Every structure is written in structure tokens, then in C-alpha cells.
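The structure under discussion appears below in the form of C-alpha cells.
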Amino acid sequence: MTLQYVPIIDLGPYFGGTAEGKAAVAKAVNQACRDIGFLVITQHQIPAELVERVSQLTSQFFDLPMEEKRKANRPRPDMVRGYSAVAEESLSYSMEEAAPGDLKESFSIGPHDVPDEDYYSEAMAGPHFAPNVWPTALPGFEAAYAEYFDAMGDLSRSLMRIFALALDLPEQFFDDKIDKHISMFRSLRYPHLKDGIEDGQLRAGAHTDYGSLTIVKPDGALGGLQVRNRSGEWVDVPYVEDGFVVNIGDLMMQWTNDQWISTLHRVINPPEDIAGDHQRQSLVFFHQPNYDVMVECLPSCLGDDQTPRYAPVTSGDHLKSKFVRQTTFGGSKVA
Ligand SMILES: O=C(O)CCC(=O)C(=O)O
Ligand SMILES: [Fe+2]
């Protein structure tokens, strides 16, 4: 039976380390990725204190006056770093359809403490290791964000190991493909909604994510994340206080030859009668493998006809192709 709702999966048995525990988690994750492309994870080993500290600092940042936030403004359209204001981006653009700007502001970072080696600065590295931009007004912000980025990188490695088991690969199959990952951590504030919203304007328009996987820490505010299941219905992602939402992106769908799905999702607006008083905040980590990793449909996913549906592509080129598509629609629109 195909899952029509997003399952909640306890990672405890995986981290417990027994072969049976790992196999049970891998099986549940496999079904989630095949059927709906989303899962909520619990017992993930990320300290609640870290999530709380980053959430608090994020809310303090978005509460700063605009001129203060603008000091950490995104430096260039092709560099996803720093601050972007409400409606400066639209996720639906990446789906090749023009849409009004998303009702959110964001702050993004990439890898930090980048080694002084050619790999990180040569032409192929593009803007993936561009320096981060930090607000100066908040002590502890940079350290907390860097710590969260690393914690999410570690959790992603564990998830990729679970993915490997789920795909009948050696558990460490992905390890050397993600040890210099070009992920992005982005916090989002969806403000109170006032008048003047355009038709079809959402907190985040319907889109799929680009990379290997995404880890989202939403808050519990009304007006939340929805995913489109295989029957074409929009269903709410369950809110679990100490959980994270995980979904796979387009690159993983391609890697698995469409066996796993990168699912359309969106963030809806809160009900109109309370919309003036309901903001939402989320912490979103977009995991993306090393830029030079060649992504070829996995042999175990080829099926009876043994035909790959995609030509091989590097992680970096795949990500770049999404940017190019967006610029065609006129802007610095990114997921
Ligand atoms: O804010 C959220 O819950 C998810 C946002 C999202 O899907 C994205 O930024 O790609
Ligand atoms: Fe997304």
C-alpha cells in the first residue's frame, strides 16, 4: 500500500547500532522515499539546546530593523549568502512558471572555515564556497549558525548512510561523495500577513528542492508545510515538537532513477481571520554533495530494462542548471 501521509520515523534503532535496528529503519525510510518523498524523524541526536539557541538568535535577527538586516545583505545574485527581504524570491520560478514573490524573508550561509586549498577556489568550485556574510549586531550568532551547519552536516551523513542501506548499497557508499559538501543552511521568517497579498501568493510557492536531501525544523505555527501525495492531494506535514522534517531533492530522485521521489511542497498562508497575528519561522538545511561528484543512476535502481533515465551529471553542474533556469525567469530566485 502506498503511503498517502508523511510518516514519523524513530531513528533510535539506527543509532543503537544493531544490524536489525539499522535494517528496520532503512526499510521504513525506503518506503517513505518511494511513496511520498518526505518523513519526520525523531531521536536524531541533535541537541535540543542547539536548536533552541539557533531559533532564538534567528528570531532576534529577523526582529532587527531593516537597515541592520540589510548590512548582511545578499552580496550577488549568484551567491546565496546573507539576507533577502520579503518577496525578493519565488520558489515557483524554479518550476518554470512565473509566480508572485514568496511571503518570507531569509538568511543563508554556506560552508564555513573553508580550507585554503585549490579545490575550494578553482573555477569548478564556482560560488559554492563563497564567504559567508554575518550580522554584526548579535553576539553568538555566527558561532551558533556554524555549529548548526556542522550538526546538520553530520545528521545528513547519517541519513545518507540510512539511504545507502535502503538502496542495498554498502552503508558508507555516499561518505566520500559528501565529505566536502556544498550545502546551504537557510533560516526563514514568514511574517504576519497584511493586506495587499496577490492572488496565488503563498508563504512559499509549490516547488521541489534541488539537492540530495533537506532537513527542516519548523515551528508549530499555523499556516505550515504541505506536500502533494501520489494521489495529487495536498496533505499537511505533521508537526512533531522535537522532530525534523526530511525530504529528498531532485538530485536524489535522479540518482535513484526516479525510484524515490522529490515531492512538490509548499508553505500555505494561515487562515485569513488570524493571519495578521501569525508569523512562522523555520530552519532549513539543503544538503548537496561535493561539487565534483558524478551522479549516475545507481545500478540497483535501473529496473528490468537496465535503462537509466538520466545522463550522468556532477553535483555542481546539477545545482548550476537550476540557477540558470531561474535566471531565465529574471532574477535571483533560489530554493
Ligand atoms: O519553511 C518550510 O517549512 C519549508 C520551506 C521550503 O520548502 C524551502 O525553503 O525549500
Ligand atoms: Fe522546499
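Chain labels follow the order of the C-alpha cells: the first chain is A, the next B, and so on; residue numbering restarts at 1 in every chain, and ligands are counted from 1 in their shown order.
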Closest atom pairs, chain A residues within 7 Å of ligand 2, only C-alpha atoms and all ligand atoms, as CSV:
residue,atom,partner,partner_atom_place_in_ligand_line,distance
A:His207,CA,ligand 2,1 (Fe),6.3
A:Thr208,CA,ligand 2,1 (Fe),5.8
A:Asp209,CA,ligand 2,1 (Fe),5.0
A:His265,CA,ligand 2,1 (Fe),6.4
A:Arg266,CA,ligand 2,1 (Fe),7.0
A:Ala335,CA,ligand 2,1 (Fe),6.4
Pick out the residues no farther than 7 Å from ligand 1, counting only C-alpha atoms and all ligand atoms, and list them as a short mmCIF file (atom, residue, chain, number, x, y, z; two decimals) with N, CA and C atoms, in the first residue's frame.
data_model
loop_
_atom_site.label_atom_id
_atom_site.label_comp_id
_atom_site.auth_asym_id
_atom_site.auth_seq_id
_atom_site.Cartn_x
_atom_site.Cartn_y
_atom_site.Cartn_z
N LEU A 188 14.28 30.97 7.72
CA LEU A 188 13.18 31.67 7.05
C LEU A 188 12.23 32.25 8.07
N ALA A 204 5.38 30.10 0.74
CA ALA A 204 6.36 29.55 -0.21
C ALA A 204 5.59 28.79 -1.27
N ASP A 209 12.79 20.56 -3.98
CA ASP A 209 14.13 21.00 -3.62
C ASP A 209 15.14 20.38 -4.60
N VAL A 216 14.36 20.13 7.70
CA VAL A 216 13.64 21.34 8.12
C VAL A 216 13.23 21.25 9.58
N PRO A 218 10.65 23.17 11.52
CA PRO A 218 9.60 24.21 11.51
C PRO A 218 9.25 24.59 12.94
N GLY A 224 1.28 26.08 7.55
CA GLY A 224 2.52 25.30 7.53
C GLY A 224 2.80 24.60 6.22
N LEU A 225 3.66 23.63 6.36
CA LEU A 225 4.19 22.91 5.22
C LEU A 225 3.20 21.83 4.75
N HIS A 265 6.13 20.55 -2.75
CA HIS A 265 5.64 21.01 -1.44
C HIS A 265 5.51 22.53 -1.44
N ARG A 266 4.85 23.05 -0.44
CA ARG A 266 4.60 24.49 -0.36
C ARG A 266 4.34 24.87 1.09
N VAL A 267 4.40 26.16 1.38
CA VAL A 267 4.02 26.63 2.72
C VAL A 267 2.80 27.53 2.53
N GLN A 281 8.45 30.62 11.57
CA GLN A 281 9.90 30.61 11.36
C GLN A 281 10.34 29.17 11.11
N SER A 282 11.26 28.98 10.20
CA SER A 282 11.78 27.62 10.04
C SER A 282 13.27 27.66 9.74
N VAL A 284 16.14 25.66 7.67
CA VAL A 284 16.14 24.71 6.55
C VAL A 284 17.58 24.44 6.10
N ALA A 335 15.96 28.11 -4.34
CA ALA A 335 15.26 27.35 -3.31
C ALA A 335 16.14 27.30 -2.08
#
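Distance check against Glu272 in chain A using only C-alpha atoms: of A:Leu50, A:Asp304, A:Gln4, A:His192, the minimum falls on A:His192.
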Original post:
Looking only at the backbone, which of the residues in range 74-281 of chain A does DSSP tag as strand (DSSP E), as JSON, numbers by chain?
Top reply: {"A": [82, 83, 84, 105, 106, 107, 108, 109, 184, 185, 186, 187, 188, 189, 190, 204, 205, 206, 207, 213, 214, 215, 216, 217, 218, 225, 226, 227, 228, 234, 235, 236, 244, 245, 246, 247, 248, 265, 266, 267, 280, 281]}
Save out the residues we just selected, C-alpha atoms, as a PDB file, in the first residue's frame.
ATOM      1  CA  GLY A  82      23.149  36.669   3.846  1.00  0.00           C
ATOM      2  CA  TYR A  83      19.803  38.389   3.962  1.00  0.00           C
ATOM      3  CA  SER A  84      16.928  38.569   1.436  1.00  0.00           C
ATOM      4  CA  GLU A 105      12.498  36.742   4.404  1.00  0.00           C
ATOM      5  CA  SER A 106      15.615  34.625   4.663  1.00  0.00           C
ATOM      6  CA  PHE A 107      19.177  34.440   5.893  1.00  0.00           C
ATOM      7  CA  SER A 108      21.590  31.934   4.311  1.00  0.00           C
ATOM      8  CA  ILE A 109      25.035  30.529   4.973  1.00  0.00           C
ATOM      9  CA  MET A 184      23.306  25.624   2.472  1.00  0.00           C
ATOM     10  CA  PHE A 185      21.672  26.484   5.771  1.00  0.00           C
ATOM     11  CA  ARG A 186      18.896  28.998   5.493  1.00  0.00           C
ATOM     12  CA  SER A 187      16.577  30.399   8.124  1.00  0.00           C
ATOM     13  CA  LEU A 188      13.183  31.670   7.047  1.00  0.00           C
ATOM     14  CA  ARG A 189      10.753  34.093   8.653  1.00  0.00           C
ATOM     15  CA  TYR A 190       7.245  34.199   7.249  1.00  0.00           C
ATOM     16  CA  ALA A 204       6.363  29.547  -0.208  1.00  0.00           C
ATOM     17  CA  GLY A 205       5.050  28.584  -3.640  1.00  0.00           C
ATOM     18  CA  ALA A 206       4.891  24.940  -4.745  1.00  0.00           C
ATOM     19  CA  HIS A 207       8.349  23.608  -5.611  1.00  0.00           C
ATOM     20  CA  LEU A 213      18.118  15.894   0.989  1.00  0.00           C
ATOM     21  CA  THR A 214      16.637  18.733   3.041  1.00  0.00           C
ATOM     22  CA  ILE A 215      16.246  18.878   6.828  1.00  0.00           C
ATOM     23  CA  VAL A 216      13.636  21.337   8.119  1.00  0.00           C
ATOM     24  CA  LYS A 217      12.971  22.451  11.676  1.00  0.00           C
ATOM     25  CA  PRO A 218       9.603  24.207  11.506  1.00  0.00           C
ATOM     26  CA  LEU A 225       4.194  22.908   5.218  1.00  0.00           C
ATOM     27  CA  GLN A 226       2.145  20.760   2.846  1.00  0.00           C
ATOM     28  CA  VAL A 227       3.201  18.076   0.388  1.00  0.00           C
ATOM     29  CA  ARG A 228       1.427  16.700  -2.650  1.00  0.00           C
ATOM     30  CA  TRP A 234      -2.107  18.345  -0.581  1.00  0.00           C
ATOM     31  CA  VAL A 235      -1.520  16.889   2.888  1.00  0.00           C
ATOM     32  CA  ASP A 236      -0.115  18.612   5.990  1.00  0.00           C
ATOM     33  CA  PHE A 244      12.838  17.297  11.971  1.00  0.00           C
ATOM     34  CA  VAL A 245      11.139  17.095   8.592  1.00  0.00           C
ATOM     35  CA  VAL A 246      13.323  15.401   5.976  1.00  0.00           C
ATOM     36  CA  ASN A 247      12.684  15.305   2.252  1.00  0.00           C
ATOM     37  CA  ILE A 248      14.674  14.200  -0.734  1.00  0.00           C
ATOM     38  CA  HIS A 265       5.640  21.005  -1.442  1.00  0.00           C
ATOM     39  CA  ARG A 266       4.596  24.488  -0.360  1.00  0.00           C
ATOM     40  CA  VAL A 267       4.019  26.631   2.716  1.00  0.00           C
ATOM     41  CA  ARG A 280       6.227  31.436  11.232  1.00  0.00           C
ATOM     42  CA  GLN A 281       9.899  30.606  11.355  1.00  0.00           C
TER      43      GLN A 281
END
Subject >> Residue nearest Gly101 in chain A - candidates A:Leu298, A:Ile178, A:Ile41, A:Val86, atoms counted: only C-alpha atoms >> reply: A:Val86
Subject >> All helix (DSSP H, G or I) positions in range 106-304 of chain A, as a PyMOL selection string >> reply: chain A and resi 118-120+123-125+141-166+175-177+250-255+272-277+299-301
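Nearest residue to Asp258 in chain A among A:Gly37, A:Pro312, A:Pro238, A:Gly220 is A:Gly37, counting only C-alpha atoms.
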**OP:** For range 111-120 of chain A, work out the shell of residues within 7 Å, counting only C-alpha atoms and skipping chain neighbours fewer than 2 positions away, then give it as a VMD selection string.
**Re:** chain A and resid 109 122 125 129 146 182 to 183
With N, CA and C atoms retained, export the selected residues as an mmCIF file, in the first residue's frame.
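Final output, part_26.cif:
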data_model
loop_
_atom_site.group_PDB
_atom_site.id
_atom_site.type_symbol
_atom_site.label_atom_id
_atom_site.label_comp_id
_atom_site.auth_asym_id
_atom_site.auth_seq_id
_atom_site.Cartn_x
_atom_site.Cartn_y
_atom_site.Cartn_z
ATOM 1 N N ILE A 109 23.580 30.727 4.918
ATOM 2 C CA ILE A 109 25.035 30.529 4.973
ATOM 3 C C ILE A 109 25.413 29.258 4.205
ATOM 4 N N GLU A 122 39.115 26.857 -7.073
ATOM 5 C CA GLU A 122 39.287 26.768 -8.529
ATOM 6 C C GLU A 122 37.961 27.033 -9.240
ATOM 7 N N ALA A 125 34.760 25.213 -8.608
ATOM 8 C CA ALA A 125 34.143 25.400 -7.280
ATOM 9 C C ALA A 125 33.093 26.512 -7.317
ATOM 10 N N PHE A 129 31.771 27.952 -2.314
ATOM 11 C CA PHE A 129 32.466 28.199 -1.043
ATOM 12 C C PHE A 129 32.626 29.706 -0.815
ATOM 13 N N ALA A 146 27.301 28.350 12.704
ATOM 14 C CA ALA A 146 28.359 27.433 12.249
ATOM 15 C C ALA A 146 28.173 26.065 12.914
ATOM 16 N N ILE A 182 28.532 20.892 -0.355
ATOM 17 C CA ILE A 182 28.306 22.321 -0.662
ATOM 18 C C ILE A 182 26.882 22.709 -0.243
ATOM 19 N N SER A 183 26.539 22.296 0.965
ATOM 20 C CA SER A 183 25.179 22.510 1.459
ATOM 21 C C SER A 183 24.936 23.973 1.810
#
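The residue set within 8 Å of Ala166 in chain A, counting only C-alpha atoms and dropping same-chain residues fewer than 5 places from it, reads Ala23, Ala26, Lys27, Val29 and Asn30 of chain A.
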